[in-house]
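Q: The file below is data00.tsv, TSV, C-alpha atoms:
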chain	number	residue	atom	x	y	z
A	180	MET	CA	18.55	-15.50	2.76
A	181	SER	CA	21.01	-17.70	4.65
A	182	PHE	CA	19.76	-20.46	6.96
A	183	VAL	CA	20.91	-18.48	10.00
A	184	ASP	CA	19.19	-15.28	8.81
A	185	ARG	CA	16.00	-17.12	7.99
A	186	ARG	CA	15.88	-18.91	11.36
A	187	ARG	CA	16.55	-15.69	13.30
A	188	PHE	CA	13.94	-13.79	11.32
A	189	LEU	CA	11.26	-16.42	11.71
A	190	GLN	CA	11.94	-16.60	15.43
A	191	SER	CA	12.14	-12.88	16.21
A	192	SER	CA	10.15	-11.08	13.55
A	193	LEU	CA	7.35	-13.51	12.86
A	194	GLY	CA	6.58	-14.55	16.39
A	195	GLY	CA	3.08	-13.10	16.21
A	196	ILE	CA	2.19	-14.64	12.88
A	197	SER	CA	1.58	-18.10	14.32
A	198	ALA	CA	-1.41	-16.61	16.14
A	199	VAL	CA	-3.07	-16.01	12.78
A	200	ALA	CA	-2.82	-19.64	11.74
A	201	LEU	CA	-3.95	-20.78	15.19
A	202	GLY	CA	-7.01	-18.57	15.15
A	203	GLY	CA	-5.71	-15.59	17.11
A	204	GLY	CA	-7.55	-12.35	16.51
A	205	LEU	CA	-7.43	-8.65	17.19
A	206	GLN	CA	-7.37	-7.52	20.79
A	207	ALA	CA	-9.23	-4.25	21.17
A	208	ASP	CA	-9.11	-1.53	23.76
A	209	ASP	CA	-11.88	0.93	24.62
A	210	SER	CA	-11.53	2.60	21.22
A	211	ALA	CA	-12.51	-0.52	19.28
A	212	SER	CA	-15.60	-2.68	19.07
A	213	PRO	CA	-16.05	-5.83	21.22
A	214	GLU	CA	-15.02	-7.93	18.22
A	215	GLY	CA	-11.76	-6.02	17.82
A	216	GLY	CA	-12.68	-4.04	14.69
A	217	ALA	CA	-13.66	-0.43	14.21
A	218	PRO	CA	-17.31	0.29	15.06
A	219	ILE	CA	-19.89	-0.20	12.32
A	220	ALA	CA	-21.78	3.05	12.97
A	221	PRO	CA	-22.07	5.94	12.66
A	222	HIS	CA	-18.76	6.30	10.77
A	223	ASP	CA	-18.57	2.84	9.26
A	224	SER	CA	-16.22	3.85	6.43
A	225	LEU	CA	-13.73	5.73	8.59
A	226	PHE	CA	-10.11	5.21	7.54
A	227	LEU	CA	-6.74	6.93	7.79
A	228	THR	CA	-4.30	7.94	5.07
A	229	TRP	CA	-1.61	10.55	4.38
A	230	ARG	CA	-1.05	13.51	2.09
A	231	GLN	CA	2.40	14.43	3.39
A	232	ASP	CA	5.10	13.23	5.79
A	233	PRO	CA	3.61	10.40	7.91
A	234	THR	CA	5.95	11.15	10.81
A	235	THR	CA	4.05	14.34	11.72
A	236	THR	CA	0.64	14.19	9.98
A	237	MET	CA	-2.49	12.09	9.62
A	238	VAL	CA	-5.57	12.37	7.37
A	239	ILE	CA	-8.89	11.13	8.78
A	240	GLN	CA	-11.67	10.39	6.26
A	241	TRP	CA	-15.07	8.78	5.93
A	242	ILE	CA	-18.17	8.83	3.73
A	243	GLY	CA	-21.27	10.34	5.32
A	244	LYS	CA	-23.63	13.29	5.52
A	245	SER	CA	-22.27	16.78	5.04
A	246	ASP	CA	-23.18	17.74	8.61
A	247	ASP	CA	-21.76	14.59	10.26
A	248	ALA	CA	-19.05	16.59	12.02
A	249	THR	CA	-17.39	19.99	11.74
A	250	GLN	CA	-14.26	19.12	13.68
A	251	ILE	CA	-12.03	16.36	15.00
A	252	ALA	CA	-10.83	16.51	18.60
A	253	TYR	CA	-7.47	14.82	19.17
A	254	ALA	CA	-4.82	14.47	21.85
A	255	PRO	CA	-1.75	12.38	22.71
A	256	LEU	CA	-2.89	9.05	24.07
A	257	LYS	CA	-1.46	9.74	27.52
A	258	ASP	CA	-1.58	13.03	29.40
A	259	GLY	CA	-2.08	15.36	26.47
A	260	MET	CA	-4.11	18.50	25.81
A	261	TRP	CA	-7.11	18.08	23.52
A	262	ARG	CA	-7.05	20.13	20.34
A	263	THR	CA	-9.40	20.45	17.39
A	264	ALA	CA	-9.01	20.51	13.62
A	265	PRO	CA	-11.69	21.33	11.02
A	266	VAL	CA	-13.49	18.78	8.85
A	267	ILE	CA	-14.13	19.63	5.21
A	268	ALA	CA	-16.92	18.04	3.16
A	269	LYS	CA	-16.89	17.44	-0.58
A	270	PRO	CA	-19.30	15.40	-2.72
A	271	PHE	CA	-18.88	11.66	-3.02
A	272	PRO	CA	-19.59	11.44	-6.78
A	273	ASP	CA	-22.91	10.16	-8.09
A	274	THR	CA	-24.43	9.90	-4.61
A	275	ASP	CA	-26.08	12.15	-2.04
A	276	ARG	CA	-23.19	11.49	0.36
A	277	TYR	CA	-20.00	13.37	1.08
A	278	VAL	CA	-16.34	12.68	1.68
A	279	LEU	CA	-15.50	14.08	5.12
A	280	ARG	CA	-11.81	14.85	5.61
A	281	CYS	CA	-9.62	16.24	8.36
A	282	GLU	CA	-5.84	16.54	8.23
A	283	LEU	CA	-3.89	16.69	11.49
A	284	VAL	CA	-0.47	18.34	11.28
A	285	GLY	CA	2.34	19.13	13.69
A	286	LEU	CA	2.08	15.73	15.37
A	287	THR	CA	4.91	14.18	17.35
A	288	PRO	CA	6.76	11.40	15.48
A	289	GLY	CA	6.60	7.90	16.87
A	290	SER	CA	3.64	8.73	19.13
A	291	GLU	CA	0.12	7.47	19.78
A	292	TYR	CA	-2.97	9.66	19.60
A	293	LYS	CA	-6.66	9.36	20.36
A	294	PHE	CA	-9.41	11.25	18.55
A	295	LEU	CA	-13.14	11.90	18.51
A	296	VAL	CA	-15.32	12.58	15.47
A	297	GLY	CA	-17.58	15.55	16.15
A	298	ASP	CA	-19.92	14.94	19.07
A	299	ALA	CA	-19.63	11.15	18.91
A	300	LYS	CA	-18.35	9.51	22.08
A	301	GLN	CA	-16.50	6.71	20.28
A	302	ARG	CA	-12.74	7.10	20.67
A	303	TYR	CA	-10.29	6.00	18.00
A	304	ARG	CA	-6.51	5.58	18.12
A	305	PHE	CA	-3.60	5.82	15.73
A	306	ARG	CA	0.17	6.14	15.79
A	307	THR	CA	2.53	8.32	13.80
A	308	MET	CA	5.55	6.94	12.00
A	309	PRO	CA	8.90	7.24	13.82
A	310	ALA	CA	11.15	10.18	13.01
A	311	LYS	CA	14.11	7.87	12.34
A	312	ALA	CA	14.29	4.22	11.39
A	313	THR	CA	16.14	3.35	14.59
A	314	LYS	CA	13.84	0.46	15.44
A	315	GLU	CA	12.40	-2.26	13.28
A	316	PHE	CA	8.91	-1.73	11.95
A	317	CYS	CA	6.73	-3.30	9.28
A	318	PHE	CA	4.13	-2.48	6.69
A	319	VAL	CA	1.95	-4.74	4.55
A	320	SER	CA	1.44	-4.53	0.80
A	321	GLY	CA	-0.75	-6.18	-1.80
A	322	GLY	CA	-3.21	-5.37	-4.54
A	323	ASP	CA	-6.37	-6.39	-6.38
A	324	ALA	CA	-8.68	-6.68	-3.41
A	325	GLY	CA	-12.39	-6.28	-4.11
A	326	THR	CA	-15.15	-6.79	-1.56
A	327	GLY	CA	-15.44	-10.59	-1.34
A	328	ARG	CA	-14.64	-12.90	1.54
A	329	HIS	CA	-11.09	-13.61	0.39
A	330	ALA	CA	-10.31	-9.90	0.43
A	331	VAL	CA	-11.73	-9.62	3.95
A	332	ASN	CA	-9.66	-12.64	5.04
A	333	SER	CA	-6.55	-10.93	3.66
A	334	ASN	CA	-7.52	-7.78	5.56
A	335	ARG	CA	-7.52	-9.78	8.78
A	336	VAL	CA	-4.18	-11.42	8.06
A	337	ALA	CA	-2.70	-7.99	7.31
A	338	ALA	CA	-4.12	-6.42	10.48
A	339	ASN	CA	-2.80	-9.25	12.64
A	340	GLN	CA	0.76	-8.29	11.69
A	341	ASP	CA	0.36	-4.94	13.53
A	342	PRO	CA	1.71	-2.97	10.55
A	343	TYR	CA	2.28	0.77	10.71
A	344	PHE	CA	0.32	1.04	7.44
A	345	VAL	CA	-1.07	-0.94	4.51
A	346	LEU	CA	-0.21	-0.28	0.87
A	347	ILE	CA	-2.72	-1.43	-1.75
A	348	GLY	CA	-1.31	-1.16	-5.26
A	349	GLY	CA	-4.44	-0.58	-7.29
A	350	ASP	CA	-7.79	-2.27	-7.94
A	351	LEU	CA	-9.04	-1.62	-4.43
A	352	ALA	CA	-12.79	-2.05	-4.81
A	353	TYR	CA	-13.33	-3.07	-8.44
A	354	ASP	CA	-15.81	-0.24	-8.86
A	355	ASN	CA	-14.57	0.50	-12.42
A	356	GLY	CA	-14.99	4.21	-11.80
A	357	ALA	CA	-18.77	3.82	-11.99
A	358	SER	CA	-20.04	2.17	-8.79
A	359	PRO	CA	-19.71	4.30	-5.66
A	360	LYS	CA	-21.72	1.68	-3.77
A	361	THR	CA	-18.98	-0.89	-4.45
A	362	PHE	CA	-16.25	1.54	-3.44
A	363	LEU	CA	-18.10	2.38	-0.22
A	364	LYS	CA	-18.40	-1.33	0.58
A	365	PHE	CA	-14.62	-1.68	0.20
A	366	LEU	CA	-14.08	1.18	2.67
A	367	GLN	CA	-16.57	-0.34	5.10
A	368	ASN	CA	-14.75	-3.68	4.96
A	369	TYR	CA	-11.42	-1.94	5.48
A	370	SER	CA	-12.73	0.14	8.38
A	371	SER	CA	-14.20	-2.86	10.17
A	372	THR	CA	-11.10	-5.06	9.91
A	373	MET	CA	-8.01	-2.85	9.74
A	374	VAL	CA	-7.39	-2.36	13.45
A	375	ASP	CA	-4.24	-3.65	15.10
A	376	SER	CA	-3.87	-5.60	18.36
A	377	ALA	CA	-3.67	-2.38	20.39
A	378	GLY	CA	-6.91	-1.00	18.90
A	379	ARG	CA	-5.14	1.44	16.56
A	380	LEU	CA	-6.55	2.18	13.11
A	381	ILE	CA	-4.12	1.15	10.34
A	382	PRO	CA	-3.63	3.83	7.65
A	383	MET	CA	-4.00	2.99	3.97
A	384	VAL	CA	-1.77	4.15	1.10
A	385	SER	CA	-2.56	3.29	-2.52
A	386	CYS	CA	-1.75	3.77	-6.17
A	387	ILE	CA	-4.27	3.72	-9.01
A	388	GLY	CA	-5.21	0.60	-10.98
A	389	ASN	CA	-7.27	-0.16	-14.06
A	390	HIS	CA	-10.41	-1.02	-12.06
A	391	GLU	CA	-10.41	2.45	-10.49
A	392	VAL	CA	-11.29	4.05	-13.83
A	393	GLN	CA	-13.91	3.75	-16.54
A	394	GLY	CA	-12.38	2.01	-19.52
A	395	HIS	CA	-9.34	0.85	-17.52
A	396	PHE	CA	-6.70	2.80	-19.52
A	397	GLY	CA	-6.39	6.32	-20.94
A	398	ALA	CA	-9.19	7.72	-18.78
A	399	ARG	CA	-9.85	11.23	-17.46
A	400	ARG	CA	-9.70	12.15	-13.78
A	401	ASP	CA	-13.49	12.47	-13.63
A	402	GLN	CA	-13.71	8.84	-14.75
A	403	ALA	CA	-12.11	7.72	-11.48
A	404	GLY	CA	-14.66	9.54	-9.33
A	405	SER	CA	-14.85	7.33	-6.25
A	406	TYR	CA	-11.12	6.63	-6.00
A	407	LEU	CA	-9.99	10.23	-6.49
A	408	SER	CA	-12.72	11.55	-4.19
A	409	VAL	CA	-10.80	10.07	-1.25
A	410	PHE	CA	-7.21	10.08	-2.58
A	411	ASP	CA	-7.19	13.44	-4.37
A	412	ALA	CA	-5.50	15.09	-1.39
A	413	PHE	CA	-2.37	13.15	-2.33
A	414	TYR	CA	-2.99	12.97	-6.08
A	415	GLN	CA	-3.96	16.62	-6.42
A	416	ASP	CA	-2.83	17.30	-9.98
A	417	VAL	CA	-1.49	14.01	-11.32
A	418	THR	CA	-2.10	10.36	-10.45
A	419	TYR	CA	1.47	9.55	-9.46
A	420	GLY	CA	3.53	10.82	-6.54
A	421	THR	CA	5.98	10.07	-3.77
A	422	LEU	CA	5.24	9.63	-0.09
A	423	ASP	CA	8.38	10.37	1.94
A	424	PHE	CA	8.63	9.04	5.49
A	425	GLY	CA	11.14	11.38	7.11
A	426	ASP	CA	14.50	10.67	5.49
A	427	TYR	CA	14.44	6.88	5.63
A	428	LEU	CA	11.64	5.54	3.39
A	429	SER	CA	10.13	6.66	0.10
A	430	LEU	CA	7.23	5.07	-1.76
A	431	VAL	CA	7.28	6.09	-5.42
A	432	MET	CA	3.75	5.39	-6.65
A	433	LEU	CA	3.12	5.27	-10.37
A	434	ASP	CA	0.19	5.26	-12.79
A	435	THR	CA	0.56	2.49	-15.36
A	436	GLY	CA	-1.42	4.28	-18.05
A	437	HIS	CA	-4.83	4.46	-16.39
A	438	ILE	CA	-5.00	8.27	-16.39
A	439	ALA	CA	-1.40	9.41	-16.88
A	440	ASP	CA	0.67	8.27	-19.86
A	441	ILE	CA	3.66	6.10	-18.99
A	442	GLN	CA	6.00	7.93	-21.35
A	443	GLY	CA	6.67	11.65	-21.36
A	444	GLU	CA	5.94	13.68	-18.25
A	445	GLN	CA	5.59	10.74	-15.87
A	446	THR	CA	8.88	9.13	-16.94
A	447	ASP	CA	10.64	12.52	-16.72
A	448	TRP	CA	9.20	12.94	-13.23
A	449	LEU	CA	10.35	9.45	-12.24
A	450	GLU	CA	13.93	10.20	-13.29
A	451	LYS	CA	13.99	13.41	-11.23
A	452	THR	CA	12.27	11.78	-8.27
A	453	LEU	CA	14.70	8.86	-8.05
A	454	THR	CA	17.70	11.15	-8.54
A	455	ALA	CA	16.56	13.31	-5.61
A	456	ARG	CA	16.32	10.25	-3.34
A	457	ALA	CA	19.77	8.81	-3.91
A	458	GLU	CA	20.49	8.64	-0.17
A	459	ILE	CA	17.13	7.32	1.06
A	460	PRO	CA	17.89	3.93	2.69
A	461	HIS	CA	14.59	2.31	1.70
A	462	LEU	CA	13.28	3.13	-1.77
A	463	PHE	CA	10.26	1.25	-3.14
A	464	GLY	CA	8.65	1.56	-6.54
A	465	VAL	CA	4.91	0.83	-6.65
A	466	ASN	CA	2.92	0.19	-9.81
A	467	HIS	CA	-0.24	-1.67	-10.69
A	468	VAL	CA	0.45	-3.31	-14.06
A	469	PRO	CA	3.61	-5.40	-13.58
A	470	CYS	CA	6.87	-4.83	-15.41
A	471	TYR	CA	7.41	-8.59	-15.21
A	472	PRO	CA	4.00	-10.29	-15.33
A	473	SER	CA	3.43	-13.74	-13.87
A	474	TYR	CA	0.25	-14.50	-15.81
A	475	ARG	CA	-0.39	-12.14	-18.72
A	476	ASN	CA	1.77	-12.17	-21.82
A	477	PRO	CA	4.82	-9.86	-21.71
A	478	GLU	CA	5.35	-10.21	-25.46
A	479	GLY	CA	3.63	-7.90	-27.91
A	480	LYS	CA	1.72	-9.05	-30.99
A	481	ASP	CA	0.42	-7.33	-34.11
A	482	GLU	CA	1.81	-3.94	-33.06
A	483	LYS	CA	0.17	-4.28	-29.64
A	484	LEU	CA	2.53	-3.95	-26.68
A	485	GLY	CA	2.96	-6.82	-24.28
A	486	ILE	CA	2.05	-6.42	-20.62
A	487	GLY	CA	4.65	-4.21	-18.93
A	488	GLU	CA	6.62	-3.75	-22.15
A	489	GLU	CA	6.54	0.05	-22.11
A	490	GLN	CA	7.54	0.07	-18.44
A	491	ARG	CA	10.43	-2.33	-19.07
A	492	LYS	CA	11.66	0.04	-21.76
A	493	LEU	CA	11.24	3.32	-19.87
A	494	TRP	CA	11.04	2.63	-16.13
A	495	CYS	CA	13.13	-0.46	-15.42
A	496	PRO	CA	16.37	1.19	-16.61
A	497	LEU	CA	15.64	4.01	-14.14
A	498	PHE	CA	14.96	1.56	-11.31
A	499	GLU	CA	18.29	-0.10	-12.08
A	500	LYS	CA	20.26	3.12	-12.56
A	501	HIS	CA	19.05	4.59	-9.26
A	502	LYS	CA	19.31	1.29	-7.35
A	503	VAL	CA	15.67	1.03	-6.35
A	504	ASP	CA	15.48	-1.70	-3.73
A	505	VAL	CA	12.16	-3.33	-4.56
A	506	VAL	CA	9.30	-2.75	-7.00
A	507	LEU	CA	5.84	-3.81	-5.80
A	508	GLU	CA	3.60	-4.98	-8.65
A	509	HIS	CA	0.04	-6.22	-9.00
A	510	HIS	CA	-2.70	-6.82	-11.62
A	511	ASP	CA	-2.03	-10.50	-12.48
A	512	HIS	CA	-3.75	-12.02	-9.39
A	513	THR	CA	-1.01	-14.43	-8.34
A	514	PHE	CA	1.83	-14.65	-5.85
A	515	LYS	CA	5.18	-13.98	-7.55
A	516	ARG	CA	8.74	-13.04	-6.73
A	517	THR	CA	11.27	-12.43	-9.47
A	518	HIS	CA	14.97	-12.99	-9.30
A	519	PRO	CA	16.92	-9.74	-8.87
A	520	LEU	CA	16.95	-8.41	-12.42
A	521	THR	CA	18.98	-6.09	-14.60
A	522	ASP	CA	17.75	-5.65	-18.17
A	523	GLY	CA	15.51	-8.68	-17.67
A	524	ARG	CA	18.40	-10.94	-16.74
A	525	ILE	CA	19.26	-12.45	-13.36
A	526	ASP	CA	21.78	-10.24	-11.55
A	527	ALA	CA	22.61	-10.37	-7.85
A	528	ASN	CA	22.79	-6.55	-7.86
A	529	GLY	CA	19.52	-6.12	-9.74
A	530	VAL	CA	16.01	-5.19	-8.68
A	531	HIS	CA	13.47	-7.53	-7.07
A	532	TYR	CA	9.89	-7.32	-8.35
A	533	LEU	CA	7.33	-8.61	-5.84
A	534	GLY	CA	3.62	-9.19	-6.50
A	535	ASP	CA	1.38	-9.94	-8.27
A	536	GLY	CA	-1.90	-8.72	-6.76
A	537	SER	CA	-3.89	-11.53	-5.14
A	538	TRP	CA	-5.30	-9.79	-2.07
A	539	GLY	CA	-8.77	-10.92	-3.09
A	540	GLN	CA	-8.49	-12.09	-6.72
A	541	LEU	CA	-6.79	-15.21	-8.05
A	542	ARG	CA	-5.32	-16.82	-11.18
A	543	ALA	CA	-2.86	-19.62	-11.89
A	544	PRO	CA	0.60	-18.17	-12.67
A	545	LYS	CA	2.98	-19.26	-15.39
A	546	ARG	CA	5.81	-21.52	-14.26
A	547	PRO	CA	9.39	-20.25	-13.83
A	548	GLU	CA	10.35	-22.63	-16.63
A	549	GLU	CA	8.13	-20.56	-18.92
A	550	ARG	CA	9.26	-17.18	-17.56
A	551	PRO	CA	12.93	-17.42	-16.46
A	552	TYR	CA	12.73	-14.11	-14.59
A	553	LEU	CA	10.35	-15.70	-12.07
A	554	ALA	CA	12.00	-17.07	-8.92
A	555	LYS	CA	8.87	-18.28	-7.14
A	556	VAL	CA	5.15	-18.31	-7.91
A	557	SER	CA	1.96	-19.86	-6.58
A	558	GLN	CA	-1.79	-19.68	-6.96
A	559	ALA	CA	-2.65	-18.22	-3.57
A	560	TYR	CA	-4.42	-15.25	-2.04
A	561	HIS	CA	-1.65	-13.37	-0.27
A	562	VAL	CA	-0.28	-10.18	1.28
A	563	THR	CA	3.39	-9.32	1.83
A	564	VAL	CA	4.80	-8.18	5.16
A	565	HIS	CA	7.83	-5.90	4.77
A	566	ARG	CA	9.88	-5.68	7.95
A	567	LEU	CA	12.59	-3.00	7.92
A	568	GLU	CA	15.58	-3.46	10.21
A	569	GLY	CA	18.40	-0.98	9.70
A	570	ASP	CA	19.55	-1.32	6.09
A	571	ARG	CA	17.89	-4.74	5.72
A	572	ARG	CA	14.38	-5.69	4.71
A	573	PHE	CA	12.61	-9.01	5.19
A	574	HIS	CA	9.74	-9.60	2.75
A	575	VAL	CA	7.32	-12.30	3.89
A	576	ALA	CA	4.51	-13.44	1.60
A	577	MET	CA	1.56	-14.72	3.63
A	578	GLU	CA	-1.47	-16.55	2.30
A	579	ASP	CA	-4.93	-15.60	3.53
A	580	THR	CA	-4.84	-18.65	5.80
A	581	GLY	CA	-1.80	-17.24	7.60
A	582	LYS	CA	0.57	-19.72	5.95
A	583	ILE	CA	3.99	-18.30	5.02
A	584	ALA	CA	4.46	-18.71	1.27
A	585	ASP	CA	7.89	-17.12	0.86
A	586	VAL	CA	10.62	-15.16	2.65
A	587	VAL	CA	13.35	-13.12	0.97
A	588	THR	CA	15.85	-10.57	2.27
A	589	THR	CA	17.00	-7.41	0.50
A	590	VAL	CA	19.71	-5.01	1.63
A	591	SER	CA	19.67	-1.29	0.89
A	592	LYS	CA	21.96	-0.28	-1.95
A	593	ARG	CA	22.15	3.31	-0.70
A	594	ALA	CA	22.39	3.10	3.10
A	595	SER	CA	26.18	2.88	2.95
A	596	LYS	CA	26.26	6.44	1.59
A	597	ARG	CA	24.78	7.85	4.76
A	598	GLY	CA	26.89	8.91	7.69
In structure tokens, how does this file's structure come out?
A:
Amino acid sequence: MSFVDRRRFLQSSLGGISAVALGGGLQADDSASPEGGAPIAPHDSLFLTWRQDPTTTMVIQWIGKSDDATQIAYAPLKDGMWRTAPVIAKPFPDTDRYVLRCELVGLTPGSEYKFLVGDAKQRYRFRTMPAKATKEFCFVSGGDAGTGRHAVNSNRVAANQDPYFVLIGGDLAYDNGASPKTFLKFLQNYSSTMVDSAGRLIPMVSCIGNHEVQGHFGARRDQAGSYLSVFDAFYQDVTYGTLDFGDYLSLVMLDTGHIADIQGEQTDWLEKTLTARAEIPHLFGVNHVPCYPSYRNPEGKDEKLGIGEEQRKLWCPLFEKHKVDVVLEHHDHTFKRTHPLTDGRIDANGVHYLGDGSWGQLRAPKRPEERPYLAKVSQAYHVTVHRLEGDRRFHVAMEDTGKIADVVTTVSKRASKRG
């Protein structure tokens, strides 16, 4: 990023971030609690996500009793007719509770809505994604959260950026596929903190990590009971998929061997998926285990593969061939940014890999002198704010104190193909 670009970005795009460091908090409207977060009861795990195009749909979910509500009432925020949509209930594994889910479809892009859960009087708000990327907007990403205070602090930093959504790249709760109580606590923390300055709930998107499943790698779907109980609407048959935002943004979310094998069907799918999105201006890869780790060893030993080695062999050439803009990585519990890379070497036209999963977990990274592909690293809890402006993206790494750790700019490699 040039000095001029950096100064303009910090002045215009990060104006609200200083409020985080100075102690600013969420400002709620009548649909939020007095403290600015979502209400604690009766739907204390309520959160939003998506199964299909976020410009016209929204999925509302929470954990509760099977008879909590049979419908959601919703309407445009201003001067709109109230409508209803049904709630379905399915078991929350290994508990006497249920996952309650309602999907709203046919919504107006770039609009705000209010909704009610059953007979409850508490009103909630959300906004749909814009139909076109004609205005700047941002989302926040990170991974490896958990339920501790550092994860909650990162939640608050993320919410204070007023993102359209949050992307958590695996290891959400650290329930290891066997502790629904831990997973529920993660959802409760998210629900109570992930509200923006206008009182809108912030949707969550995720990919699967090793701490979502029993045994971490090579598991069955039923060994990721809590995670897939709430994200199975998106991951219906396989644990990888693409979320397309209109025709301007695609998140290609991958399973780094936790349930789906890296090679074979998933790699074939990745090739077809990236080929089909050649003209999408903003194309992000998302995986849990990093292709280019900042802490764990990338080199194999005694016939055991190094961390990310199989992905570097099978996936990185596809990212490079199809000009993926950025790959978001996690798992190593550090802050890292690589140089733009092609075949593991620094290349101005290569792919940036951003990570490395320190939303709520932390390790000391290796130094760039030890791993030449690393451009910048630190031992800090952090989230990354991605601000999209036309064909440009500003990626801002923020520590859980609100301190800016890093800023880098990427420019779409495909936007020039569009009329």
Q: May I ask which of the residues A:Val505, A:Ile525, A:Leu484, A:Ala543 is the closest one to A:Leu428, counting all atoms listed in the file?
A: A:Val505
Q: Using only C-alpha atoms, find each residue of stretch 514-580 of chain A with at least one atom at most 9 Å away from an atom of stretch 295-312 of chain A; report its shortest atom-to-atom pair and that distance in Å (one decimal), sort the rows by chain and rising residue number, and return the result as JSON lines.
A:
{"residue": "A:Leu567", "atom": "CA", "partner": "A:Ala312", "partner_atom": "CA", "distance": 8.2}
{"residue": "A:Glu568", "atom": "CA", "partner": "A:Ala312", "partner_atom": "CA", "distance": 7.9}
{"residue": "A:Gly569", "atom": "CA", "partner": "A:Ala312", "partner_atom": "CA", "distance": 6.8}
Q: Write the residues of the selection above to a file with C-alpha atoms, as a short mmCIF file (atom, residue, chain, number, x, y, z; two decimals), in the frame of the given file.
A:
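This is the output file selection_13.cif:
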data_model
loop_
_atom_site.label_atom_id
_atom_site.label_comp_id
_atom_site.auth_asym_id
_atom_site.auth_seq_id
_atom_site.Cartn_x
_atom_site.Cartn_y
_atom_site.Cartn_z
CA LEU A 567 12.59 -3.00 7.92
CA GLU A 568 15.58 -3.46 10.21
CA GLY A 569 18.40 -0.98 9.70
#
Q: Using all atoms listed in the file for the distances, tell me which of A:Phe573, A:Trp538, A:Tyr552, A:Tyr343 is nearest to A:His518.
A: A:Tyr552
Q: Can you tell me which residues surround stretch 358-367 of chain A at a distance of at most 8 Å, considering all atoms listed in the file, apart from same-chain residues fewer than 6 positions away, and format the answer as an MDAnalysis selection string?
A: chainID A and resid 219 223:226 242 271:274 325:326 351:352 405:406
Q: Tell me, as a list in words, which residues lie within 6 Å of A:Glu508, counting all atoms listed in the file; anything in the same chain fewer than 6 positions away does not count.
A: Asn466, His467, Pro469, Leu533, Gly534 and Asp535 of chain A
Q: Go through A:Pro342, A:Gly348, A:Gly464, A:Gly327 and flag the residue nearest A:Asn368, using all atoms listed in the file for the distances.
A: A:Gly327
Q: For A:Asn334, please output as a tab-separated table (two decimals) with C-alpha atoms, keeping the file's coordinate frame all residues within 12 Å (counting only C-alpha atoms; exclusion window: fewer than 5 positions along the same chain).
A:
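Printed below is part19.tsv as written:
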chain	number	residue	atom	x	y	z
A	199	VAL	CA	-3.07	-16.01	12.78
A	204	GLY	CA	-7.55	-12.35	16.51
A	205	LEU	CA	-7.43	-8.65	17.19
A	216	GLY	CA	-12.68	-4.04	14.69
A	319	VAL	CA	1.95	-4.74	4.55
A	320	SER	CA	1.44	-4.53	0.80
A	321	GLY	CA	-0.75	-6.18	-1.80
A	322	GLY	CA	-3.21	-5.37	-4.54
A	324	ALA	CA	-8.68	-6.68	-3.41
A	325	GLY	CA	-12.39	-6.28	-4.11
A	326	THR	CA	-15.15	-6.79	-1.56
A	327	GLY	CA	-15.44	-10.59	-1.34
A	328	ARG	CA	-14.64	-12.90	1.54
A	329	HIS	CA	-11.09	-13.61	0.39
A	339	ASN	CA	-2.80	-9.25	12.64
A	340	GLN	CA	0.76	-8.29	11.69
A	341	ASP	CA	0.36	-4.94	13.53
A	342	PRO	CA	1.71	-2.97	10.55
A	344	PHE	CA	0.32	1.04	7.44
A	345	VAL	CA	-1.07	-0.94	4.51
A	346	LEU	CA	-0.21	-0.28	0.87
A	347	ILE	CA	-2.72	-1.43	-1.75
A	351	LEU	CA	-9.04	-1.62	-4.43
A	365	PHE	CA	-14.62	-1.68	0.20
A	366	LEU	CA	-14.08	1.18	2.67
A	367	GLN	CA	-16.57	-0.34	5.10
A	368	ASN	CA	-14.75	-3.68	4.96
A	369	TYR	CA	-11.42	-1.94	5.48
A	370	SER	CA	-12.73	0.14	8.38
A	371	SER	CA	-14.20	-2.86	10.17
A	372	THR	CA	-11.10	-5.06	9.91
A	373	MET	CA	-8.01	-2.85	9.74
A	374	VAL	CA	-7.39	-2.36	13.45
A	375	ASP	CA	-4.24	-3.65	15.10
A	381	ILE	CA	-4.12	1.15	10.34
A	383	MET	CA	-4.00	2.99	3.97
A	537	SER	CA	-3.89	-11.53	-5.14
A	538	TRP	CA	-5.30	-9.79	-2.07
A	539	GLY	CA	-8.77	-10.92	-3.09
A	560	TYR	CA	-4.42	-15.25	-2.04
A	561	HIS	CA	-1.65	-13.37	-0.27
A	562	VAL	CA	-0.28	-10.18	1.28
A	563	THR	CA	3.39	-9.32	1.83
A	577	MET	CA	1.56	-14.72	3.63
A	578	GLU	CA	-1.47	-16.55	2.30
A	579	ASP	CA	-4.93	-15.60	3.53
A	580	THR	CA	-4.84	-18.65	5.80
A	581	GLY	CA	-1.80	-17.24	7.60
Q: One decimal, in Å: what's the spacing between atom CA of A:Val530 and atom CA of A:His437?
A: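 Distance reported for this atom pair: 24.2 Å.
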Q: Figure out the distance between atom CA of A:Lys555 and atom CA of A:Glu489, please, to one decimal in Å.
A: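 Interatomic distance, atom CA of A:Glu489 to atom CA of A:Lys555: 23.8 Å.
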Q: Fewer than 4 positions away in the same chain doesn't count, so skip those; otherwise give me all residues within 8 Å of A:Asp423, counting only C-alpha atoms, as a VMD selection string.
A: chain A and resid 231 to 233 427 to 430
Q: Ranking A:His512, A:Arg230, A:Arg542, A:Lys269 by minimum distance to A:Val284 and counting all atoms listed in the file, which one comes first?
A: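 Ranking A:His512, A:Arg230, A:Arg542, A:Lys269 by distance to A:Val284, first place goes to A:Arg230.
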Q: Between A:Ile387, A:Val575, A:Val587, A:Leu497, single out the one closest to A:Pro519, counting all atoms listed in the file.
A: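 Among A:Ile387, A:Val575, A:Val587, A:Leu497, it is A:Val587 that comes nearest to A:Pro519.
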